[in-house]
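Reviewing the structure listed below.
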Amino acid sequence: MNSYDKHYYDGAWQASTGTDAVDVISSATEESVARVPRGTGEDVDRAVKAARRAFESWSRTPVEERAQWLEKLSAAAKERSAQMAEAISHEVGTALGFSTKVQAEFPIMMIGMNAKFIREVSFEQELGNSLVIKEPVGVVGCITPWNYPLHQVVCKIAPALAAGCTVVVKPAEMAPLSAFMLAEAAHQIGLPKGVLNIVSGPGRVVGEALVSHPDVDMMSFTGSLAAGRRIASVAGEGIKKVCLELGGKSAFIVLDDAPFDKAIPAGVNNCMQNSGQTCSAWTRMIVPRARHDEAVELAKAQFAKLTMGNPFDKATRLGPLASAGQRDTVLGFIEQGKKEGATLVAGGGRPADLPTGFYVEPTIFANVDNRMAIAQEEIFGPVLAVIPYDSEAEAVRIANDSPYGLAGGVWGGTPEGALAVARQMRTGQVDINGGRFNTLAPFGGYKKSGIGREIGPLALEEFFQLKSIQR
């Protein structure tokens, strides 16, 4: 793994004004695999000022030219996709096959997709005697999480750059390497200086400086509810626009007439994606009480197929968690589930055959009451809660009885029945009967899952201001 001793801003690799570095730890070996600089408030100030200078020209760059820059960036990033996937597998613990397709190749493709989206935007509209114009919001600060590190950087910078904004990115402290590789790609193609800027470091220093900087017009953040609250508060003091993609505790409702042999394994696979380190994971499986035990047995059978091991082993489906802290947090929730009276039917601890690495066994709790902590709080690990219901109305009530509303699923005997239930769920996206992820559909949540949307052509709207000119 390449280490980096400089930040990237103003079109060049710049030495940090601080002297400290951050070790990037492999989640499988618990050893350092690279280092990046620990940024300072002064580094942020320099990067933001570079972005402000660049905004004047970038915002006036013709749409077609911006689209071509995105296509060039996508092509240059593609040259580094294998390196990016390897880095993310070390940082996050993602199995390399999944990391290659989902963590690297998919977001790289999304960069190019935003070139297509911006070409299709209508920037002016006549409303009565007014000409309504879409203009870029300005300098955008981006703070991204560690679980899908490249994907979440791209979800922010690709539409922002397409819209004519310039960006300053603080990548996740635990998983910064792919962001630096993306900066290398930007430098390679000669992206105008100050358009894309990367400053690494801790949230309490770099993040705070970015959110509070007077030259930042908008903050786009993905991460925890607690951090989101802090960002919204600080941004509010400066009357900055915010886009927040926060936590989830998504429900998967299995209707009584569903084909359980298809539905239950699909629900398990969704919950365990990226070893449960996915904000939209269906961590609550809501099943008919009369078929609860059947669902649990099918879930256990599917768990047995999810081989846990080193993320670089081709047989591995579930790798380790991203850090020792995350592992301990998940184990703490498992202990809490036991104390609250849920029935532990699979997993529940650290695998004996994997003493090194931040591993937690895939875990199933049965007979879960939705009021328990394991049903209300985001665990962010391989833990599934199976919750029984007595009527369809109760299933919907349980699904909606959550502070979050990011994602969800429904599986029924008919598409019409599943759709009727999906319409009642207070959540930003719902898959029915195995519906696949759609790269054109907006992604974001209700309630405490956030504000705003990412992905697809509608995500561009987050990065525009509207101006009305009366004639």
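Every chain in the structure tokens has a letter given in the order shown (A, B, ...), and although residue numbers restart at 1 in each chain, ligands are simply numbered from 1 in the order shown.
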
*Just the residues within 8 Å of segment 441-444 of chain A, please, counting only C-alpha atoms, with nothing from its chain fewer than 6 positions along; format it as a PyMOL selection string.*
chain A and resi 245+406+428-429+450-459

*Near segment 384-395 of chain A, within 9 Å and counting only C-alpha atoms, which residues show up once chain neighbours fewer than 3 positions away are dropped, as a ChimeraX atom specification?*
/A:253-256,268,271-272,276,282-292,295-296,342,362-370,374-375,381,398-400,421

Using only C-alpha atoms, determine which residues lie at most 10 Å from Val92 of chain A, disregarding the query and same-chain residues fewer than 2 positions distant; provide the list as a short mmCIF file (atom, residue, chain, number, x, y, z; two decimals) with all heavy atoms, in the first residue's frame.
```cif
data_model
loop_
_atom_site.label_atom_id
_atom_site.label_comp_id
_atom_site.auth_asym_id
_atom_site.auth_seq_id
_atom_site.Cartn_x
_atom_site.Cartn_y
_atom_site.Cartn_z
N ILE A 25 -4.87 1.06 9.40
CA ILE A 25 -4.74 -0.28 9.95
C ILE A 25 -5.50 -1.29 9.10
O ILE A 25 -6.65 -1.06 8.72
CB ILE A 25 -5.26 -0.32 11.41
CG1 ILE A 25 -4.54 0.72 12.26
CG2 ILE A 25 -5.12 -1.72 12.00
CD1 ILE A 25 -3.05 0.53 12.36
N SER A 26 -4.86 -2.42 8.82
CA SER A 26 -5.55 -3.51 8.13
C SER A 26 -6.48 -4.20 9.12
O SER A 26 -6.05 -4.64 10.20
CB SER A 26 -4.56 -4.53 7.58
OG SER A 26 -5.24 -5.68 7.11
N SER A 27 -7.75 -4.32 8.77
CA SER A 27 -8.73 -4.91 9.67
C SER A 27 -8.53 -6.42 9.82
O SER A 27 -9.03 -7.01 10.78
CB SER A 27 -10.14 -4.63 9.16
OG SER A 27 -10.27 -5.08 7.83
N ALA A 28 -7.80 -7.04 8.91
CA ALA A 28 -7.57 -8.49 8.99
C ALA A 28 -6.31 -8.84 9.77
O ALA A 28 -6.26 -9.85 10.47
CB ALA A 28 -7.49 -9.08 7.59
N ALA A 87 -7.00 -1.57 -1.23
CA ALA A 87 -6.90 -0.68 -0.08
C ALA A 87 -8.15 -0.74 0.79
O ALA A 87 -8.07 -0.82 2.03
CB ALA A 87 -6.66 0.76 -0.55
N ILE A 88 -9.31 -0.73 0.15
CA ILE A 88 -10.57 -0.75 0.91
C ILE A 88 -10.76 -2.08 1.63
O ILE A 88 -11.28 -2.11 2.76
CB ILE A 88 -11.74 -0.43 -0.04
CG1 ILE A 88 -11.64 1.03 -0.52
CG2 ILE A 88 -13.09 -0.65 0.65
CD1 ILE A 88 -12.56 1.38 -1.66
N SER A 89 -10.33 -3.16 1.02
CA SER A 89 -10.42 -4.46 1.71
C SER A 89 -9.56 -4.47 2.96
O SER A 89 -9.93 -5.05 3.98
CB SER A 89 -10.01 -5.59 0.76
OG SER A 89 -10.99 -5.80 -0.22
N HIS A 90 -8.39 -3.83 2.90
CA HIS A 90 -7.57 -3.69 4.10
C HIS A 90 -8.26 -2.81 5.14
O HIS A 90 -8.37 -3.17 6.32
CB HIS A 90 -6.21 -3.07 3.75
CG HIS A 90 -5.19 -4.04 3.29
ND1 HIS A 90 -4.72 -5.07 4.08
CD2 HIS A 90 -4.53 -4.15 2.10
CE1 HIS A 90 -3.81 -5.78 3.41
NE2 HIS A 90 -3.68 -5.24 2.21
N THR A 94 -13.81 -5.51 3.77
CA THR A 94 -14.68 -6.00 2.72
C THR A 94 -14.00 -7.11 1.93
O THR A 94 -12.84 -6.97 1.54
CB THR A 94 -15.04 -4.85 1.75
OG1 THR A 94 -15.48 -3.73 2.49
CG2 THR A 94 -16.10 -5.28 0.76
N ALA A 95 -14.73 -8.21 1.68
CA ALA A 95 -14.20 -9.28 0.85
C ALA A 95 -13.80 -8.71 -0.51
O ALA A 95 -14.51 -7.89 -1.10
CB ALA A 95 -15.23 -10.38 0.67
N SER A 99 -15.45 -5.90 -2.84
CA SER A 99 -14.75 -4.64 -2.85
C SER A 99 -14.44 -4.19 -4.28
O SER A 99 -14.58 -3.01 -4.62
CB SER A 99 -13.45 -4.76 -2.04
OG SER A 99 -12.82 -3.51 -1.88
N TRP A 146 -16.30 5.59 6.64
CA TRP A 146 -15.31 4.57 6.35
C TRP A 146 -15.89 3.31 5.73
O TRP A 146 -15.15 2.49 5.20
CB TRP A 146 -14.54 4.19 7.63
CG TRP A 146 -15.41 3.90 8.82
CD1 TRP A 146 -15.69 4.75 9.84
CD2 TRP A 146 -16.11 2.68 9.12
NE1 TRP A 146 -16.53 4.15 10.76
CE2 TRP A 146 -16.81 2.88 10.34
CE3 TRP A 146 -16.23 1.44 8.49
CZ2 TRP A 146 -17.60 1.90 10.93
CZ3 TRP A 146 -17.02 0.46 9.07
CH2 TRP A 146 -17.69 0.68 10.27
N ASN A 147 -17.20 3.11 5.77
CA ASN A 147 -17.72 1.80 5.35
C ASN A 147 -17.76 1.61 3.83
O ASN A 147 -17.54 0.51 3.33
CB ASN A 147 -19.12 1.56 5.95
CG ASN A 147 -20.14 2.59 5.50
OD1 ASN A 147 -19.82 3.76 5.29
ND2 ASN A 147 -21.38 2.15 5.37
N TYR A 148 -18.06 2.68 3.09
CA TYR A 148 -17.97 2.67 1.62
C TYR A 148 -17.18 3.92 1.23
O TYR A 148 -17.74 4.88 0.71
CB TYR A 148 -19.36 2.67 0.98
CG TYR A 148 -20.11 1.37 1.14
CD1 TYR A 148 -20.85 1.10 2.28
CD2 TYR A 148 -20.07 0.38 0.15
CE1 TYR A 148 -21.53 -0.10 2.45
CE2 TYR A 148 -20.74 -0.82 0.29
CZ TYR A 148 -21.47 -1.06 1.45
OH TYR A 148 -22.14 -2.26 1.60
N PRO A 149 -15.88 3.93 1.46
CA PRO A 149 -15.12 5.18 1.43
C PRO A 149 -15.07 5.85 0.06
O PRO A 149 -15.24 7.07 -0.04
CB PRO A 149 -13.73 4.77 1.91
CG PRO A 149 -13.65 3.30 1.72
CD PRO A 149 -15.05 2.78 1.91
N MET A 174 -10.22 6.42 9.14
CA MET A 174 -9.84 5.00 9.10
C MET A 174 -9.67 4.46 7.69
O MET A 174 -9.05 3.43 7.49
CB MET A 174 -10.88 4.15 9.83
CG MET A 174 -10.91 4.32 11.32
SD MET A 174 -11.83 3.01 12.15
CE MET A 174 -13.45 3.12 11.40
N ALA A 175 -10.26 5.14 6.69
CA ALA A 175 -10.25 4.61 5.32
C ALA A 175 -10.05 5.73 4.31
O ALA A 175 -10.92 6.03 3.51
CB ALA A 175 -11.55 3.86 5.05
N ASN A 274 -21.30 -6.43 3.28
CA ASN A 274 -20.15 -5.71 3.86
C ASN A 274 -20.03 -5.99 5.36
O ASN A 274 -19.69 -5.11 6.14
CB ASN A 274 -20.28 -4.21 3.60
CG ASN A 274 -18.96 -3.47 3.66
OD1 ASN A 274 -17.90 -4.02 3.40
ND2 ASN A 274 -19.02 -2.19 4.01
N SER A 275 -20.33 -7.24 5.73
CA SER A 275 -20.29 -7.68 7.13
C SER A 275 -21.20 -6.84 8.03
O SER A 275 -20.90 -6.60 9.20
CB SER A 275 -18.85 -7.67 7.67
OG SER A 275 -18.06 -8.61 6.99
N GLN A 277 -21.81 -3.73 7.73
CA GLN A 277 -21.36 -2.33 7.81
C GLN A 277 -21.96 -1.53 6.65
O GLN A 277 -21.26 -0.93 5.85
CB GLN A 277 -19.84 -2.29 7.78
CG GLN A 277 -19.20 -3.03 8.95
CD GLN A 277 -17.69 -3.11 8.85
OE1 GLN A 277 -16.97 -2.71 9.76
NE2 GLN A 277 -17.18 -3.63 7.75
N PRO A 311 -10.29 -11.20 4.02
CA PRO A 311 -10.95 -10.58 2.87
C PRO A 311 -10.27 -10.86 1.54
O PRO A 311 -10.90 -10.70 0.49
CB PRO A 311 -10.94 -9.09 3.21
CG PRO A 311 -9.93 -8.91 4.28
CD PRO A 311 -9.89 -10.19 5.03
N GLY A 319 -15.89 -10.56 5.77
CA GLY A 319 -14.59 -10.24 6.32
C GLY A 319 -14.72 -9.69 7.73
O GLY A 319 -15.78 -9.73 8.35
N PRO A 320 -13.64 -9.12 8.26
CA PRO A 320 -13.68 -8.53 9.59
C PRO A 320 -14.40 -7.17 9.56
O PRO A 320 -14.72 -6.64 8.50
CB PRO A 320 -12.20 -8.35 9.93
CG PRO A 320 -11.55 -8.18 8.59
CD PRO A 320 -12.31 -9.04 7.64
N LEU A 321 -14.65 -6.62 10.74
CA LEU A 321 -15.13 -5.26 10.85
C LEU A 321 -13.95 -4.30 10.71
O LEU A 321 -12.80 -4.71 10.68
CB LEU A 321 -15.87 -5.06 12.16
CG LEU A 321 -17.07 -5.99 12.38
CD1 LEU A 321 -17.79 -5.64 13.67
CD2 LEU A 321 -18.02 -5.96 11.20
N ALA A 322 -14.25 -3.02 10.60
CA ALA A 322 -13.24 -2.06 10.20
C ALA A 322 -12.22 -1.72 11.28
O ALA A 322 -11.13 -1.27 10.96
CB ALA A 322 -13.90 -0.78 9.70
N SER A 323 -12.58 -1.91 12.54
CA SER A 323 -11.67 -1.49 13.61
C SER A 323 -11.96 -2.27 14.88
O SER A 323 -13.02 -2.88 15.03
CB SER A 323 -11.83 0.01 13.89
OG SER A 323 -13.12 0.26 14.45
N PHE A 358 -10.41 -8.05 13.25
CA PHE A 358 -11.55 -7.50 13.98
C PHE A 358 -12.84 -8.24 13.60
O PHE A 358 -13.82 -7.63 13.14
CB PHE A 358 -11.66 -6.01 13.69
CG PHE A 358 -10.38 -5.25 13.92
CD1 PHE A 358 -9.85 -4.43 12.93
CD2 PHE A 358 -9.68 -5.36 15.12
CE1 PHE A 358 -8.67 -3.73 13.13
CE2 PHE A 358 -8.50 -4.68 15.34
CZ PHE A 358 -7.98 -3.86 14.34
#
```

*To one decimal in Å, tell me the separation between atom CA of Gly39 of chain A and atom CA of Val211 of chain A.*
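So the answer is 14.5 Å.
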
*Pick out the residues sitting within 10 Å of Ala418 of chain A, and hand them over as a PyMOL selection string; count only C-alpha atoms, and ignore anything fewer than 4 positions along from it in its own chain.*
chain A and resi 253-255+258+409-414+422-423+431-433

For the selection just defined, write its residues with all heavy atoms to a file, as a compact mmCIF listing (two decimals), in the first residue's frame.
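Dumped to out.txt:
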```
# COMPACT_ATOMS: atom_id res chain seq x y z
N ILE A 253 -40.00 -6.66 5.75
CA ILE A 253 -41.26 -7.31 6.09
C ILE A 253 -41.48 -8.50 5.15
O ILE A 253 -41.52 -8.33 3.93
CB ILE A 253 -42.44 -6.32 5.96
CG1 ILE A 253 -42.28 -5.15 6.94
CG2 ILE A 253 -43.77 -7.03 6.20
CD1 ILE A 253 -43.35 -4.08 6.80
N VAL A 254 -41.64 -9.66 5.74
CA VAL A 254 -41.95 -10.87 4.97
C VAL A 254 -43.43 -11.18 5.20
O VAL A 254 -43.84 -11.50 6.33
CB VAL A 254 -41.06 -12.05 5.40
CG1 VAL A 254 -41.33 -13.26 4.50
CG2 VAL A 254 -39.59 -11.66 5.35
N LEU A 255 -44.22 -11.05 4.16
CA LEU A 255 -45.65 -11.29 4.28
C LEU A 255 -45.94 -12.79 4.34
O LEU A 255 -45.13 -13.62 3.90
CB LEU A 255 -46.40 -10.64 3.12
CG LEU A 255 -46.24 -9.12 3.02
CD1 LEU A 255 -46.98 -8.59 1.79
CD2 LEU A 255 -46.72 -8.43 4.28
N ALA A 258 -45.54 -14.91 1.23
CA ALA A 258 -44.27 -14.83 0.51
C ALA A 258 -43.62 -16.20 0.36
O ALA A 258 -43.83 -17.09 1.22
CB ALA A 258 -43.32 -13.90 1.26
N GLY A 409 -37.41 -3.35 2.96
CA GLY A 409 -37.81 -4.32 1.96
C GLY A 409 -39.13 -4.97 2.33
O GLY A 409 -39.52 -4.99 3.50
N VAL A 410 -39.81 -5.45 1.30
CA VAL A 410 -41.05 -6.21 1.49
C VAL A 410 -41.01 -7.37 0.51
O VAL A 410 -40.63 -7.19 -0.66
CB VAL A 410 -42.31 -5.36 1.21
CG1 VAL A 410 -43.57 -6.19 1.48
CG2 VAL A 410 -42.33 -4.10 2.04
N TRP A 411 -41.41 -8.55 0.98
CA TRP A 411 -41.57 -9.69 0.06
C TRP A 411 -42.94 -10.30 0.31
O TRP A 411 -43.28 -10.64 1.43
CB TRP A 411 -40.49 -10.75 0.28
CG TRP A 411 -40.23 -11.54 -0.98
CD1 TRP A 411 -41.14 -12.22 -1.72
CD2 TRP A 411 -38.97 -11.72 -1.64
NE1 TRP A 411 -40.56 -12.83 -2.80
CE2 TRP A 411 -39.22 -12.53 -2.79
CE3 TRP A 411 -37.68 -11.30 -1.39
CZ2 TRP A 411 -38.21 -12.92 -3.66
CZ3 TRP A 411 -36.67 -11.67 -2.26
CH2 TRP A 411 -36.93 -12.48 -3.38
N GLY A 412 -43.73 -10.34 -0.74
CA GLY A 412 -45.07 -10.89 -0.65
C GLY A 412 -45.34 -11.87 -1.77
O GLY A 412 -44.54 -12.03 -2.70
N GLY A 413 -46.48 -12.50 -1.69
CA GLY A 413 -46.85 -13.49 -2.69
C GLY A 413 -47.15 -12.88 -4.05
O GLY A 413 -47.05 -13.53 -5.08
N THR A 414 -47.53 -11.60 -4.04
CA THR A 414 -47.82 -10.89 -5.29
C THR A 414 -47.15 -9.52 -5.26
O THR A 414 -46.97 -8.93 -4.19
CB THR A 414 -49.33 -10.68 -5.48
OG1 THR A 414 -49.82 -9.78 -4.45
CG2 THR A 414 -50.09 -11.99 -5.41
N ALA A 422 -45.30 -1.56 0.91
CA ALA A 422 -44.16 -0.65 0.73
C ALA A 422 -44.60 0.81 0.77
O ALA A 422 -43.90 1.67 1.30
CB ALA A 422 -43.46 -0.94 -0.60
N ARG A 423 -45.78 1.09 0.22
CA ARG A 423 -46.28 2.47 0.21
C ARG A 423 -46.54 3.00 1.62
O ARG A 423 -46.56 4.21 1.83
CB ARG A 423 -47.57 2.55 -0.61
CG ARG A 423 -47.38 2.40 -2.11
CD ARG A 423 -48.70 2.56 -2.83
NE ARG A 423 -48.59 2.40 -4.27
CZ ARG A 423 -48.23 3.36 -5.12
NH1 ARG A 423 -47.94 4.57 -4.65
NH2 ARG A 423 -48.16 3.14 -6.42
N ASP A 431 -37.26 -1.99 -1.41
CA ASP A 431 -37.17 -3.01 -2.45
C ASP A 431 -38.30 -4.01 -2.23
O ASP A 431 -38.51 -4.46 -1.10
CB ASP A 431 -35.84 -3.76 -2.39
CG ASP A 431 -34.64 -2.83 -2.52
OD1 ASP A 431 -34.82 -1.70 -3.01
OD2 ASP A 431 -33.53 -3.24 -2.12
N ILE A 432 -39.01 -4.36 -3.28
CA ILE A 432 -40.06 -5.36 -3.14
C ILE A 432 -39.74 -6.59 -3.99
O ILE A 432 -39.27 -6.48 -5.12
CB ILE A 432 -41.45 -4.80 -3.49
CG1 ILE A 432 -41.57 -4.39 -4.95
CG2 ILE A 432 -41.80 -3.62 -2.59
CD1 ILE A 432 -42.99 -4.07 -5.39
N ASN A 433 -39.96 -7.74 -3.38
CA ASN A 433 -39.80 -9.04 -4.06
C ASN A 433 -38.48 -9.14 -4.81
O ASN A 433 -38.43 -9.59 -5.97
CB ASN A 433 -40.98 -9.29 -5.00
CG ASN A 433 -42.28 -9.53 -4.24
OD1 ASN A 433 -42.33 -9.39 -3.02
ND2 ASN A 433 -43.33 -9.87 -4.95
```

*Near Arg38 of chain A, counting only C-alpha atoms, which residues have an atom at most 8 Å away, once you skip same-chain residues fewer than 4 positions from it, shown as a PyMOL selection string?*
chain A and resi 16+18-22+200-202

Per residue of segment 178-203 of chain A within 10 Å of segment 46-69 of chain A, which atom pair is closest and at what distance in Å (one decimal), using only C-alpha atoms, listed by chain and increasing number, as JSON lines?
```
{"residue": "A:Ala186", "atom": "CA", "partner": "A:Trp69", "partner_atom": "CA", "distance": 9.2}
{"residue": "A:Ile189", "atom": "CA", "partner": "A:Trp69", "partner_atom": "CA", "distance": 8.3}
{"residue": "A:Gly190", "atom": "CA", "partner": "A:Trp69", "partner_atom": "CA", "distance": 9.2}
{"residue": "A:Leu191", "atom": "CA", "partner": "A:Trp69", "partner_atom": "CA", "distance": 7.0}
{"residue": "A:Pro192", "atom": "CA", "partner": "A:Ala54", "partner_atom": "CA", "distance": 7.8}
{"residue": "A:Lys193", "atom": "CA", "partner": "A:Ala54", "partner_atom": "CA", "distance": 6.8}
{"residue": "A:Gly194", "atom": "CA", "partner": "A:Ala51", "partner_atom": "CA", "distance": 4.6}
{"residue": "A:Val195", "atom": "CA", "partner": "A:Ala51", "partner_atom": "CA", "distance": 5.8}
{"residue": "A:Leu196", "atom": "CA", "partner": "A:Ala51", "partner_atom": "CA", "distance": 7.4}
{"residue": "A:Asn197", "atom": "CA", "partner": "A:Ala47", "partner_atom": "CA", "distance": 6.2}
{"residue": "A:Ile198", "atom": "CA", "partner": "A:Ala47", "partner_atom": "CA", "distance": 7.7}
{"residue": "A:Val199", "atom": "CA", "partner": "A:Ala47", "partner_atom": "CA", "distance": 7.5}
```

Include N, CA and C atoms and write out the residues we just selected as a tab-separated table (two decimals), in the first residue's frame.
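Saved as result_2.tsv:
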```
chain	number	residue	atom	x	y	z
A	186	ALA	N	-7.12	12.74	-10.51
A	186	ALA	CA	-7.44	14.12	-10.88
A	186	ALA	C	-6.19	14.88	-11.31
A	189	ILE	N	-4.97	13.82	-14.90
A	189	ILE	CA	-5.70	14.37	-16.05
A	189	ILE	C	-5.60	15.88	-16.14
A	190	GLY	N	-5.00	16.52	-15.13
A	190	GLY	CA	-4.87	17.96	-15.14
A	190	GLY	C	-6.16	18.70	-14.81
A	191	LEU	N	-6.99	18.10	-13.95
A	191	LEU	CA	-8.21	18.79	-13.51
A	191	LEU	C	-7.83	20.17	-12.99
A	192	PRO	N	-8.53	21.22	-13.41
A	192	PRO	CA	-8.15	22.57	-12.98
A	192	PRO	C	-7.92	22.67	-11.47
A	193	LYS	N	-6.87	23.40	-11.11
A	193	LYS	CA	-6.47	23.45	-9.71
A	193	LYS	C	-7.56	24.08	-8.84
A	194	GLY	N	-7.71	23.50	-7.66
A	194	GLY	CA	-8.69	23.99	-6.71
A	194	GLY	C	-10.08	23.43	-6.87
A	195	VAL	N	-10.32	22.67	-7.92
A	195	VAL	CA	-11.66	22.11	-8.15
A	195	VAL	C	-11.92	20.94	-7.19
A	196	LEU	N	-10.93	20.06	-7.02
A	196	LEU	CA	-11.02	18.93	-6.09
A	196	LEU	C	-9.87	19.04	-5.11
A	197	ASN	N	-10.20	19.05	-3.82
A	197	ASN	CA	-9.20	19.21	-2.77
A	197	ASN	C	-9.43	18.17	-1.68
A	198	ILE	N	-8.34	17.57	-1.19
A	198	ILE	CA	-8.41	16.50	-0.18
A	198	ILE	C	-7.55	16.88	1.02
A	199	VAL	N	-8.16	16.90	2.20
A	199	VAL	CA	-7.41	17.11	3.44
A	199	VAL	C	-7.83	16.03	4.42
```

Sorted per-residue table, segment 85-135 of chain A near segment 151-162 of chain A, closest atoms and distance, 10 Å, only C-alpha atoms, as a tab-separated table:
```
residue	atom	partner	partner_atom	distance
A:Val102	CA	A:His151	CA	8.2
A:Gln103	CA	A:His151	CA	6.2
A:Ala104	CA	A:His151	CA	7.4
A:Glu105	CA	A:His151	CA	9.3
A:Phe106	CA	A:His151	CA	7.6
A:Pro107	CA	A:His151	CA	4.9
A:Ile108	CA	A:Val154	CA	7.7
A:Met109	CA	A:Val154	CA	9.7
A:Met110	CA	A:Val154	CA	7.3
A:Ile111	CA	A:Ala158	CA	5.4
A:Gly112	CA	A:Ala158	CA	8.4
A:Met113	CA	A:Ala158	CA	8.8
A:Asn114	CA	A:Pro159	CA	6.0
A:Ala115	CA	A:Ala162	CA	6.7
A:Lys116	CA	A:Ala162	CA	9.5
A:Phe117	CA	A:Ala162	CA	8.4
A:Ile118	CA	A:Ala162	CA	6.0
A:Arg119	CA	A:Ala162	CA	9.0
```

Go ahead and dump the residues you just picked, C-alpha atoms, as a PDB file, in the first residue's frame.
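Saved file out_25.pdb follows:
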```
ATOM      1  CA  VAL A 102     -19.088  -2.515  -5.368  1.00  0.00           C
ATOM      2  CA  GLN A 103     -16.453  -0.500  -3.525  1.00  0.00           C
ATOM      3  CA  ALA A 104     -14.309   0.424  -6.552  1.00  0.00           C
ATOM      4  CA  GLU A 105     -15.797  -0.282  -9.979  1.00  0.00           C
ATOM      5  CA  PHE A 106     -19.318   0.927  -9.188  1.00  0.00           C
ATOM      6  CA  PRO A 107     -18.388   4.385  -7.851  1.00  0.00           C
ATOM      7  CA  ILE A 108     -15.895   4.867 -10.680  1.00  0.00           C
ATOM      8  CA  MET A 109     -18.741   4.177 -13.115  1.00  0.00           C
ATOM      9  CA  MET A 110     -20.893   6.696 -11.221  1.00  0.00           C
ATOM     10  CA  ILE A 111     -18.400   9.474 -11.950  1.00  0.00           C
ATOM     11  CA  GLY A 112     -19.018   8.982 -15.656  1.00  0.00           C
ATOM     12  CA  MET A 113     -22.775   8.658 -15.130  1.00  0.00           C
ATOM     13  CA  ASN A 114     -22.878  12.167 -13.695  1.00  0.00           C
ATOM     14  CA  ALA A 115     -21.456  13.449 -16.964  1.00  0.00           C
ATOM     15  CA  LYS A 116     -24.555  12.065 -18.652  1.00  0.00           C
ATOM     16  CA  PHE A 117     -26.870  13.462 -15.984  1.00  0.00           C
ATOM     17  CA  ILE A 118     -25.535  17.023 -16.218  1.00  0.00           C
ATOM     18  CA  ARG A 119     -25.902  17.050 -19.988  1.00  0.00           C
TER      19      ARG A 119
END
```

*In Å, how far is it from atom CA of Gly247 of chain A to atom CA of Gly408 of chain A?*
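Atom CA of Gly247 of chain A sits 12.9 Å away from atom CA of Gly408 of chain A.
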
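The smallest atom-to-atom distance between Tyr404 of chain A and any of A:Glu91, A:Glu378, A:Asp215, A:Asp10, using only C-alpha atoms, is found for A:Glu378.
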
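These are the residues of segment 204-255 of chain A assigned helix (DSSP H, G or I) by DSSP from backbone coordinates: Arg204, Val205, Val206, Gly207, Glu208, Ala209, Leu210, Val211, Ser212, Leu225, Ala226, Ala227, Gly228, Arg229, Arg230, Ile231, Ala232, Ser233, Val234, Ala235, Gly236 and Glu237 of chain A.
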